[in-house]
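Listing of target11.tsv; format and content: TSV, C-alpha atoms.
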chain	number	residue	atom	x	y	z
A	1125	MET	CA	0.00	0.00	0.00
A	1126	HIS	CA	1.36	3.39	-0.94
A	1127	SER	CA	1.34	5.78	2.01
A	1128	HIS	CA	-0.33	8.75	0.27
A	1129	ALA	CA	-3.08	6.78	-1.47
A	1130	PRO	CA	-6.75	7.60	-0.75
A	1131	ALA	CA	-8.78	5.10	1.29
A	1132	GLY	CA	-9.50	1.86	-0.56
A	1133	ILE	CA	-6.74	2.52	-3.10
A	1134	ASP	CA	-3.74	0.23	-3.26
A	1135	ILE	CA	-0.72	0.93	-5.50
A	1136	ARG	CA	1.46	-2.16	-5.69
A	1137	PRO	CA	4.29	-3.47	-7.90
A	1138	LEU	CA	3.12	-5.60	-10.82
A	1139	THR	CA	4.58	-9.09	-11.13
A	1140	ILE	CA	6.01	-9.52	-14.64
A	1141	PRO	CA	5.46	-13.13	-15.72
A	1142	SER	CA	8.12	-14.91	-17.77
A	1143	ARG	CA	5.44	-16.09	-20.25
A	1144	ILE	CA	1.87	-15.03	-20.91
A	1145	ASP	CA	0.61	-18.56	-20.09
A	1146	ALA	CA	2.48	-18.64	-16.75
A	1147	ASP	CA	0.47	-19.11	-13.54
A	1148	ASP	CA	1.29	-15.57	-12.36
A	1149	ALA	CA	0.31	-13.77	-15.60
A	1150	GLU	CA	-3.25	-12.92	-14.56
A	1151	ASP	CA	-2.47	-9.42	-13.23
A	1152	PHE	CA	-0.37	-8.54	-16.28
A	1153	ILE	CA	-3.22	-9.59	-18.57
A	1154	GLU	CA	-5.71	-7.50	-16.59
A	1155	MET	CA	-3.31	-4.50	-16.52
A	1156	THR	CA	-3.11	-4.71	-20.32
A	1157	ARG	CA	-6.91	-4.82	-20.65
A	1158	VAL	CA	-7.20	-1.71	-18.46
A	1159	ARG	CA	-4.40	0.03	-20.41
A	1160	ASN	CA	-6.32	-0.56	-23.64
A	1161	GLN	CA	-9.53	0.77	-22.09
A	1162	VAL	CA	-7.74	3.92	-20.86
A	1163	TYR	CA	-6.46	4.64	-24.38
A	1164	ARG	CA	-9.88	3.98	-25.87
A	1165	GLU	CA	-11.46	6.43	-23.39
A	1166	ILE	CA	-8.93	9.12	-24.36
A	1167	SER	CA	-8.90	8.67	-28.14
A	1168	GLY	CA	-12.28	7.10	-28.94
A	1169	HIS	CA	-10.65	4.34	-31.03
A	1170	ASP	CA	-8.78	1.07	-30.54
A	1171	ASP	CA	-5.75	1.75	-32.74
A	1172	GLU	CA	-3.43	1.88	-29.70
A	1173	ARG	CA	-4.66	-1.48	-28.44
A	1174	ILE	CA	-2.12	-4.26	-27.86
A	1175	SER	CA	-2.58	-7.80	-26.61
A	1176	ALA	CA	-0.96	-8.85	-23.32
A	1177	ALA	CA	1.19	-11.38	-25.21
A	1178	GLU	CA	2.52	-8.60	-27.48
A	1179	LEU	CA	3.10	-6.14	-24.61
A	1180	LEU	CA	4.89	-8.63	-22.35
A	1181	PRO	CA	8.25	-8.70	-24.22
A	1182	HIS	CA	8.56	-4.94	-23.61
A	1183	TYR	CA	8.51	-5.55	-19.84
A	1184	GLN	CA	11.10	-8.34	-19.65
A	1185	PRO	CA	14.28	-7.20	-17.87
A	1186	ASP	CA	17.11	-6.05	-20.14
A	1187	ASP	CA	20.51	-4.33	-20.00
A	1188	TYR	CA	19.35	-0.97	-21.39
A	1189	GLU	CA	16.72	0.30	-18.98
A	1190	THR	CA	14.90	-0.58	-15.78
A	1191	ARG	CA	11.12	-0.57	-16.20
A	1192	LEU	CA	9.21	-0.28	-12.93
A	1193	ILE	CA	5.45	-0.73	-13.03
A	1194	TRP	CA	2.72	-0.67	-10.43
A	1195	THR	CA	-0.98	-1.46	-10.65
A	1196	VAL	CA	-3.51	0.92	-9.13
A	1197	ARG	CA	-6.34	-0.95	-7.43
A	1198	ASP	CA	-9.66	0.31	-6.13
A	1199	GLY	CA	-11.19	-2.22	-3.74
A	1200	GLY	CA	-8.89	-4.85	-5.22
A	1201	ARG	CA	-9.85	-4.16	-8.86
A	1202	ILE	CA	-7.17	-2.84	-11.25
A	1203	VAL	CA	-8.23	0.65	-12.40
A	1204	GLY	CA	-4.93	1.97	-13.72
A	1205	ARG	CA	-1.18	1.74	-13.77
A	1206	CYS	CA	1.88	3.77	-12.96
A	1207	GLY	CA	5.28	3.24	-14.58
A	1208	VAL	CA	8.80	4.66	-14.40
A	1209	ASP	CA	11.50	3.85	-16.98
A	1210	LEU	CA	15.13	4.46	-16.04
A	1211	PRO	CA	17.66	4.36	-18.91
A	1212	HIS	CA	21.01	2.71	-18.12
A	1213	GLU	CA	23.19	5.07	-20.19
A	1214	GLU	CA	26.17	6.09	-18.09
A	1215	GLY	CA	25.47	9.16	-15.97
A	1216	SER	CA	21.82	9.31	-17.08
A	1217	THR	CA	19.71	11.83	-15.16
A	1218	LEU	CA	16.48	10.83	-16.92
A	1219	ALA	CA	13.27	9.15	-15.80
A	1220	PHE	CA	10.30	8.62	-18.14
A	1221	TRP	CA	6.95	7.99	-16.53
A	1222	GLN	CA	3.23	7.52	-16.98
A	1223	VAL	CA	0.16	7.49	-14.74
A	1224	GLU	CA	-2.93	6.10	-16.47
A	1225	LEU	CA	-6.32	5.74	-14.83
A	1226	LEU	CA	-9.81	4.78	-15.95
A	1227	ARG	CA	-12.00	7.87	-16.17
A	1228	GLU	CA	-14.40	6.51	-13.52
A	1229	VAL	CA	-11.73	7.02	-10.80
A	1230	TRP	CA	-10.57	10.49	-11.80
A	1231	ASP	CA	-10.70	13.43	-9.36
A	1232	ARG	CA	-10.16	11.36	-6.19
A	1233	GLY	CA	-6.48	12.18	-5.68
A	1234	ILE	CA	-5.41	8.77	-7.01
A	1235	GLY	CA	-3.28	10.17	-9.84
A	1236	SER	CA	-1.45	12.47	-7.43
A	1237	ALA	CA	-0.76	9.55	-5.06
A	1238	ALA	CA	0.65	7.57	-7.99
A	1239	TYR	CA	2.68	10.59	-9.08
A	1240	ASP	CA	4.21	10.91	-5.57
A	1241	LEU	CA	5.54	7.39	-6.13
A	1242	VAL	CA	7.04	8.49	-9.47
A	1243	GLU	CA	8.99	11.31	-7.82
A	1244	GLU	CA	10.07	9.16	-4.87
A	1245	THR	CA	11.35	6.54	-7.33
A	1246	ALA	CA	13.20	9.11	-9.45
A	1247	ARG	CA	14.87	10.61	-6.37
A	1248	ALA	CA	15.83	7.16	-5.05
A	1249	HIS	CA	17.64	6.51	-8.33
A	1250	GLY	CA	19.28	9.95	-8.49
A	1251	ARG	CA	17.22	11.03	-11.52
A	1252	THR	CA	16.45	14.74	-11.85
A	1253	VAL	CA	14.91	15.13	-15.32
A	1254	LEU	CA	11.39	13.71	-15.42
A	1255	GLN	CA	9.60	13.50	-18.79
A	1256	SER	CA	6.16	12.26	-19.76
A	1257	TRP	CA	3.74	12.30	-22.72
A	1258	ALA	CA	-0.04	12.45	-22.89
A	1259	GLU	CA	-2.63	12.77	-25.62
A	1260	HIS	CA	-4.71	15.95	-25.37
A	1261	PRO	CA	-7.91	15.46	-27.39
A	1262	GLU	CA	-9.45	18.53	-29.03
A	1263	ALA	CA	-11.58	20.50	-26.54
A	1264	PRO	CA	-12.96	24.03	-26.15
A	1265	GLY	CA	-11.49	26.52	-23.70
A	1266	PRO	CA	-8.03	27.86	-22.87
A	1267	ARG	CA	-4.99	26.50	-24.70
A	1268	LEU	CA	-1.29	26.05	-24.04
A	1269	ALA	CA	1.24	26.77	-26.78
A	1270	ALA	CA	4.44	24.80	-27.14
A	1271	PRO	CA	7.57	26.92	-26.50
A	1272	THR	CA	8.90	25.68	-29.86
A	1273	GLY	CA	6.34	27.97	-31.51
A	1274	PHE	CA	4.71	24.97	-33.20
A	1275	GLY	CA	1.40	23.56	-32.01
A	1276	ASP	CA	-0.82	23.98	-28.99
A	1277	ILE	CA	-3.08	21.81	-26.85
A	1278	PRO	CA	-6.22	22.39	-24.78
A	1279	GLU	CA	-5.62	22.99	-21.08
A	1280	ASP	CA	-7.50	19.78	-20.27
A	1281	HIS	CA	-7.60	17.36	-17.33
A	1282	ALA	CA	-4.18	15.92	-18.17
A	1283	ALA	CA	-2.58	19.32	-18.82
A	1284	ARG	CA	-3.87	20.66	-15.49
A	1285	PHE	CA	-2.40	17.59	-13.75
A	1286	TYR	CA	1.05	18.23	-15.21
A	1287	LEU	CA	0.92	21.95	-14.42
A	1288	ARG	CA	-0.19	21.27	-10.84
A	1289	HIS	CA	2.81	18.98	-10.35
A	1290	GLY	CA	5.32	21.54	-11.64
A	1291	TYR	CA	5.69	20.44	-15.28
A	1292	ALA	CA	6.19	22.62	-18.34
A	1293	LEU	CA	4.96	21.77	-21.83
A	1294	GLN	CA	8.02	21.33	-24.10
A	1295	GLN	CA	6.73	20.07	-27.42
A	1296	VAL	CA	3.53	19.14	-29.25
A	1297	GLU	CA	3.53	15.90	-31.20
A	1298	ARG	CA	1.09	15.16	-34.02
A	1299	ALA	CA	-0.45	11.74	-34.58
A	1300	SER	CA	-1.41	11.25	-38.23
A	1301	ALA	CA	-3.20	8.46	-40.06
A	1302	LEU	CA	-3.08	7.28	-43.67
A	1303	ASP	CA	-6.01	5.33	-45.13
A	1304	LEU	CA	-4.44	2.18	-46.58
A	1305	ARG	CA	-7.61	1.36	-48.53
A	1306	GLY	CA	-7.53	4.44	-50.74
A	1307	PRO	CA	-5.77	4.74	-54.12
A	1308	PHE	CA	-1.96	4.71	-54.03
A	1309	ASP	CA	-1.44	6.64	-57.31
A	1310	ARG	CA	-0.04	9.68	-55.49
A	1311	ILE	CA	2.38	7.54	-53.44
A	1312	GLU	CA	3.56	5.78	-56.63
A	1313	GLU	CA	4.15	9.16	-58.29
A	1314	LEU	CA	6.06	10.49	-55.26
A	1315	ASN	CA	8.08	7.28	-55.22
A	1316	ARG	CA	9.16	7.78	-58.84
A	1317	ASP	CA	10.16	11.40	-58.11
A	1318	ALA	CA	12.16	10.33	-55.04
A	1319	GLN	CA	13.93	7.58	-57.00
A	1320	ARG	CA	15.02	10.15	-59.59
A	1321	ALA	CA	16.29	12.55	-56.90
A	1322	ALA	CA	18.08	9.74	-55.06
A	1323	SER	CA	19.80	8.11	-58.03
A	1324	ASP	CA	22.97	7.45	-55.97
A	1325	TYR	CA	20.97	5.27	-53.56
A	1326	ARG	CA	19.02	2.04	-53.66
A	1327	VAL	CA	16.24	0.70	-51.45
A	1328	VAL	CA	16.83	-2.39	-49.32
A	1329	GLN	CA	14.15	-4.02	-47.16
A	1330	TRP	CA	13.98	-6.72	-44.54
A	1331	PHE	CA	11.75	-8.12	-41.83
A	1332	ALA	CA	12.95	-8.56	-38.26
A	1333	PRO	CA	15.07	-10.35	-37.22
A	1334	THR	CA	17.59	-8.14	-39.02
A	1335	PRO	CA	19.82	-10.09	-41.46
A	1336	PRO	CA	23.52	-10.06	-40.44
A	1337	GLU	CA	24.60	-7.86	-43.36
A	1338	TRP	CA	22.37	-4.98	-42.22
A	1339	VAL	CA	22.88	-5.15	-38.44
A	1340	ASP	CA	25.77	-2.66	-38.17
A	1341	GLY	CA	24.17	-0.05	-40.41
A	1342	TYR	CA	20.77	-0.38	-38.71
A	1343	ALA	CA	22.39	-0.15	-35.26
A	1344	TRP	CA	24.19	3.09	-36.21
A	1345	MET	CA	20.99	4.64	-37.57
A	1346	LYS	CA	19.02	3.61	-34.44
A	1347	SER	CA	21.68	5.26	-32.27
A	1348	ARG	CA	21.20	8.51	-34.21
A	1349	MET	CA	17.47	8.59	-33.36
A	1350	SER	CA	18.51	9.69	-29.86
A	1351	THR	CA	20.65	12.59	-31.17
A	1352	ASP	CA	19.17	13.75	-34.48
A	1353	ALA	CA	15.37	13.86	-34.07
A	1354	PRO	CA	13.84	17.28	-33.13
A	1355	ALA	CA	13.65	17.22	-29.32
A	1356	ALA	CA	12.85	20.85	-28.34
A	1357	ASP	CA	14.08	21.19	-24.72
A	1358	LEU	CA	13.49	17.54	-23.93
A	1359	GLN	CA	16.52	15.52	-22.94
A	1360	PHE	CA	17.57	12.13	-24.29
A	1361	ASP	CA	20.73	10.18	-23.60
A	1362	GLU	CA	22.88	9.35	-26.58
A	1363	GLU	CA	22.26	5.64	-27.02
A	1364	THR	CA	24.78	3.04	-28.08
A	1365	TRP	CA	23.40	0.31	-30.33
A	1366	ASP	CA	25.17	-2.90	-31.29
A	1367	ALA	CA	24.22	-6.34	-32.60
A	1368	ALA	CA	22.99	-7.49	-29.19
A	1369	ARG	CA	20.70	-4.48	-28.80
A	1370	ILE	CA	19.32	-4.92	-32.32
A	1371	ALA	CA	18.63	-8.61	-31.56
A	1372	LEU	CA	16.72	-7.67	-28.40
A	1373	HIS	CA	14.81	-4.90	-30.21
A	1374	ASP	CA	13.80	-7.30	-33.00
A	1375	ALA	CA	12.80	-10.10	-30.62
A	1376	ARG	CA	10.37	-7.78	-28.84
A	1377	TYR	CA	8.36	-7.82	-32.07
A	1378	THR	CA	8.98	-11.31	-33.42
A	1379	ASP	CA	8.56	-13.25	-30.14
A	1380	SER	CA	4.85	-12.42	-29.97
A	1381	GLY	CA	4.09	-12.70	-33.68
A	1382	ARG	CA	4.26	-9.00	-34.51
A	1383	LEU	CA	5.78	-8.01	-37.82
A	1384	LEU	CA	8.46	-5.32	-38.25
A	1385	GLN	CA	9.50	-4.26	-41.74
A	1386	VAL	CA	12.53	-2.01	-42.18
A	1387	THR	CA	12.94	-0.08	-45.44
A	1388	ALA	CA	16.38	1.49	-45.80
A	1389	ALA	CA	18.30	3.55	-48.35
A	1390	GLN	CA	21.80	2.33	-49.16
A	1391	HIS	CA	24.40	4.63	-50.68
A	1392	VAL	CA	25.46	2.60	-53.71
A	1393	ALA	CA	29.07	3.85	-53.91
A	1394	THR	CA	29.96	3.16	-50.25
A	1395	GLY	CA	27.39	0.52	-49.24
A	1396	GLU	CA	26.45	2.68	-46.23
A	1397	LEU	CA	22.87	2.59	-44.93
A	1398	CYS	CA	21.81	6.21	-44.56
A	1399	ALA	CA	18.02	6.36	-44.09
A	1400	PHE	CA	15.37	4.05	-42.72
A	1401	ASN	CA	11.68	3.69	-41.98
A	1402	GLU	CA	9.92	1.10	-39.83
A	1403	LEU	CA	6.41	-0.30	-40.27
A	1404	VAL	CA	4.88	-2.54	-37.63
A	1405	ILE	CA	1.69	-4.56	-37.25
A	1406	GLY	CA	0.52	-6.83	-34.45
A	1407	ALA	CA	-0.19	-10.54	-34.56
A	1408	ASP	CA	-3.70	-9.56	-35.72
A	1409	ARG	CA	-2.87	-8.44	-39.26
A	1410	ALA	CA	-6.27	-6.75	-39.64
A	1411	GLU	CA	-5.55	-4.07	-37.02
A	1412	ALA	CA	-4.03	-0.63	-37.60
A	1413	SER	CA	-0.36	-0.47	-38.58
A	1414	HIS	CA	2.19	1.84	-36.98
A	1415	GLN	CA	5.01	3.71	-38.66
A	1416	GLU	CA	7.68	3.87	-35.99
A	1417	ASP	CA	11.17	5.35	-36.41
A	1418	THR	CA	12.13	7.21	-39.59
A	1419	LEU	CA	15.49	8.91	-39.93
A	1420	VAL	CA	17.83	10.25	-42.60
A	1421	LEU	CA	21.44	10.55	-41.42
A	1422	LYS	CA	22.48	14.22	-41.39
A	1423	ALA	CA	25.24	13.76	-44.01
A	1424	HIS	CA	22.71	12.36	-46.50
A	1425	ARG	CA	19.87	14.87	-46.13
A	1426	GLY	CA	18.62	16.75	-49.19
A	1427	HIS	CA	18.32	13.73	-51.52
A	1428	ARG	CA	14.62	12.89	-50.89
A	1429	LEU	CA	15.63	9.80	-48.90
A	1430	GLY	CA	12.89	10.30	-46.29
A	1431	MET	CA	10.30	10.28	-49.08
A	1432	LEU	CA	12.05	7.34	-50.76
A	1433	VAL	CA	12.00	5.00	-47.74
A	1434	LYS	CA	8.47	5.98	-46.72
A	1435	CYS	CA	7.06	5.42	-50.22
A	1436	ALA	CA	8.86	2.12	-50.69
A	1437	GLY	CA	7.72	0.93	-47.27
A	1438	LEU	CA	4.08	1.82	-47.86
A	1439	LEU	CA	4.00	0.38	-51.38
A	1440	SER	CA	5.23	-2.98	-50.14
A	1441	TRP	CA	3.04	-2.86	-47.01
A	1442	ARG	CA	-0.14	-3.30	-49.01
A	1443	GLU	CA	1.04	-6.81	-49.88
A	1444	VAL	CA	2.44	-7.50	-46.40
A	1445	ALA	CA	-0.72	-6.49	-44.50
A	1446	PRO	CA	-3.57	-6.16	-47.02
A	1447	GLN	CA	-6.22	-6.25	-44.24
A	1448	SER	CA	-4.77	-3.34	-42.24
A	1449	PRO	CA	-7.11	-0.34	-42.63
A	1450	ARG	CA	-4.68	2.49	-41.82
A	1451	VAL	CA	-1.21	3.34	-40.63
A	1452	LEU	CA	-0.50	5.76	-37.77
A	1453	THR	CA	2.61	7.87	-37.33
A	1454	TYR	CA	3.88	10.44	-34.82
A	1455	ASN	CA	5.97	13.56	-35.44
A	1456	ALA	CA	7.06	16.63	-33.54
A	1457	GLU	CA	4.91	19.53	-34.74
A	1458	GLU	CA	8.08	21.51	-35.59
A	1459	ASN	CA	9.49	18.65	-37.70
A	1460	ARG	CA	8.34	20.32	-40.91
A	1461	PRO	CA	10.50	18.22	-43.29
A	1462	MET	CA	8.90	14.97	-42.08
A	1463	LEU	CA	5.37	16.46	-41.83
A	1464	ASP	CA	5.71	17.73	-45.43
A	1465	ILE	CA	6.49	14.18	-46.56
A	1466	ASN	CA	3.62	12.67	-44.55
A	1467	GLU	CA	1.11	15.25	-45.74
A	1468	ALA	CA	2.15	14.72	-49.37
A	1469	LEU	CA	1.68	10.96	-48.90
A	1470	GLY	CA	-1.87	11.57	-47.63
A	1471	PHE	CA	-1.47	11.38	-43.86
A	1472	ARG	CA	-4.04	13.47	-41.95
A	1473	PRO	CA	-3.73	14.75	-38.35
A	1474	ILE	CA	-5.93	12.80	-35.91
A	1475	ALA	CA	-4.57	13.78	-32.48
A	1476	TYR	CA	-2.02	15.83	-30.59
A	1477	SER	CA	0.13	14.88	-27.60
A	1478	GLY	CA	2.07	17.05	-25.21
A	1479	ALA	CA	5.61	16.28	-24.08
A	1480	TRP	CA	6.12	17.45	-20.49
A	1481	LYS	CA	9.25	17.96	-18.41
A	1482	LYS	CA	10.20	18.82	-14.85
A	1483	VAL	CA	13.65	19.12	-13.32
A	1484	LEU	CA	13.89	18.02	-9.68
A	1485	ASP	CA	16.04	19.65	-7.07
A	1486	LEU	CA	17.56	16.57	-5.40
A	1487	ALA	CA	18.45	18.62	-2.34
A	1488	GLY	CA	14.76	19.42	-1.85
Structure translated into structure tokens:
Amino acid sequence: MHSHAPAGIDIRPLTIPSRIDADDAEDFIEMTRVRNQVYREISGHDDERISAAELLPHYQPDDYETRLIWTVRDGGRIVGRCGVDLPHEEGSTLAFWQVELLREVWDRGIGSAAYDLVEETARAHGRTVLQSWAEHPEAPGPRLAAPTGFGDIPEDHAARFYLRHGYALQQVERASALDLRGPFDRIEELNRDAQRAASDYRVVQWFAPTPPEWVDGYAWMKSRMSTDAPAADLQFDEETWDAARIALHDARYTDSGRLLQVTAAQHVATGELCAFNELVIGADRAEASHQEDTLVLKAHRGHRLGMLVKCAGLLSWREVAPQSPRVLTYNAEENRPMLDINEALGFRPIAYSGAWKKVLDLAG
């Protein structure tokens, strides 16, 4: 029982089972069901849904971060969760966290009790920079603008929670969706244009697990995601990626039957991989797809490689996952180069999230 929790509320560590059919997996399965319901209540759709079997690999212990997770119970029933992720990069000051509750238990001080646990945990691990993301659905009333000058969000229930706990909005992120059932003529045309502009490059594709010949190039590009993506005043540790980390990353998808396709651009003269795009779908191939990381290495920008890998990925995806109705993607609102590509491809904004940050005074 957490000391600050309201009467009848119990915040306790979640047991992470080794397998989804293990005897102790029941709470993890129920936590996942509640997680999915929370996201449905916020967004009004099920595109963020994930099965417990597909979520579980992301909570197995690894060498790169410690993931702490608690269930929030009301009279014994799971009504939410609270999590803190602590990266293992040397000297890291970061903690990433979430508090997610079913709407029926809002406004009882439960979120604040869970948040107290977040701060206690961060302090106990010497972490001073706390960062968190939340979707802010469109709503009337006052708004908060991102300090980047790009995007704003309604000052809603979640925003008020962050502000009350000393957080500042750092960045607005756009979620966009592309209808995979519509005509692809425009994407085919953009693909031809990109191929002409990128004549020194060729497209290579693979499904996880990553074939040995692409591991080093993929690992280098993944490491640049932590340094080269627009981050406003958010902080991220520079990550080191090697073959072992790629193998773990890939297994988190493949172990539960999810599918990860990587589309990369290879510089023909040097053989270097210099841009990539990831598309993912769950074990249920009829659900929404997700476009995850996309990056063009800085030295290779200006050759339409972002457009090239996105087009090639989407054009092949129709055959990979013909039942999937749409693909979702997420971009910083100030990331104009990537938003230009997505908008040209036919992606439309569907939601906005806020990225929030607070710096703790460890002496306090």
Between A:Tyr1188, A:Tyr1325, A:Phe1152, A:Tyr1454, which one has atoms that come closest to His1391 of chain A, using only C-alpha atoms?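 The answer is A:Tyr1325, which sits nearest to His1391 of chain A.
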Which residue, A:Gln1255, A:His1373, A:Leu1304, A:Ile1153, has the smallest gap to Glu1443 of chain A when you use all atoms listed in the file?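 Comparing A:Gln1255, A:His1373, A:Leu1304, A:Ile1153 against Glu1443 of chain A, the winner is A:Leu1304.
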Contacts of Gly1199 of chain A within 9 Å, all atoms listed in the file, excl. fewer than 4 positions in-chain, as a ChimeraX atom specification: /A:1132-1134
Polymer residues at most 12 Å from Glu1337 of chain A, all atoms listed in the file, same-chain spacing of 5 or more positions, as a PyMOL selection string: chain A and resi 1328-1330+1342-1343+1367+1395-1397
Could you name the residues that touch Trp1480 of chain A at 8 Å or less, counting only C-alpha atoms, but leaving out those on the same chain fewer than 3 positions away, as a ChimeraX atom specification? /A:1255-1257,1286,1291-1295
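What separates atom CA of Thr1334 of chain A from atom CA of Arg1191 of chain A is a distance of 24.9 Å.
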Pick out the residues sitting within 8 Å of Thr1190 of chain A, and hand them over as an MDAnalysis selection string; count all atoms listed in the file, and ignore anything fewer than 2 positions along from it in its own chain. chainID A and resid 1185:1188 1192 1209:1212
Kindly indicate which residue among A:Pro1266, A:Pro1261, A:Gly1341, A:Pro1137 lies nearest to Ile1202 of chain A, using all atoms listed in the file for the distances.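 Of A:Pro1266, A:Pro1261, A:Gly1341, A:Pro1137, the one nearest Ile1202 of chain A, counting all atoms listed in the file, is A:Pro1137.
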Between atom CA of Thr1245 of chain A and atom CA of Val1223 of chain A lies a distance of 13.5 Å
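Atom pair atom CA of Arg1173 of chain A / atom CA of Thr1195 of chain A: separated by 18.2 Å.
Within the 12 Å cut-off around Glu1243 of chain A, using all atoms listed in the file and omitting residues fewer than 6 positions from it on the same chain, the listed residues are Cys1206, Gly1207, Val1208, Leu1218, Ala1219, Phe1220, Trp1221, Gln1222, Val1223, Ser1236, Ala1237, His1249, Gly1250, Arg1251, Thr1252, Val1253, Leu1254, Gln1255, His1289, Gly1290, Lys1482, Val1483, Leu1484, Asp1485, Leu1486 and Gly1488 of chain A.
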Out of A:Leu1180, A:Arg1159, A:Ala1238, A:Ala1399, which residue has the shortest atom-to-atom distance to Ala1146 of chain A when counting all atoms listed in the file? A:Leu1180
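The residue that comes closest to Asp1231 of chain A, out of A:Ala1371, A:Val1162, A:Arg1143, A:Pro1130 and on the basis of only C-alpha atoms, is A:Pro1130.
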Residue nearest Gln1184 of chain A - candidates A:Ala1375, A:Pro1336, A:Leu1403, A:Asp1170, atoms counted: all atoms listed in the file: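 Using all atoms listed in the file, Gln1184 of chain A sits closest to A:Ala1375.
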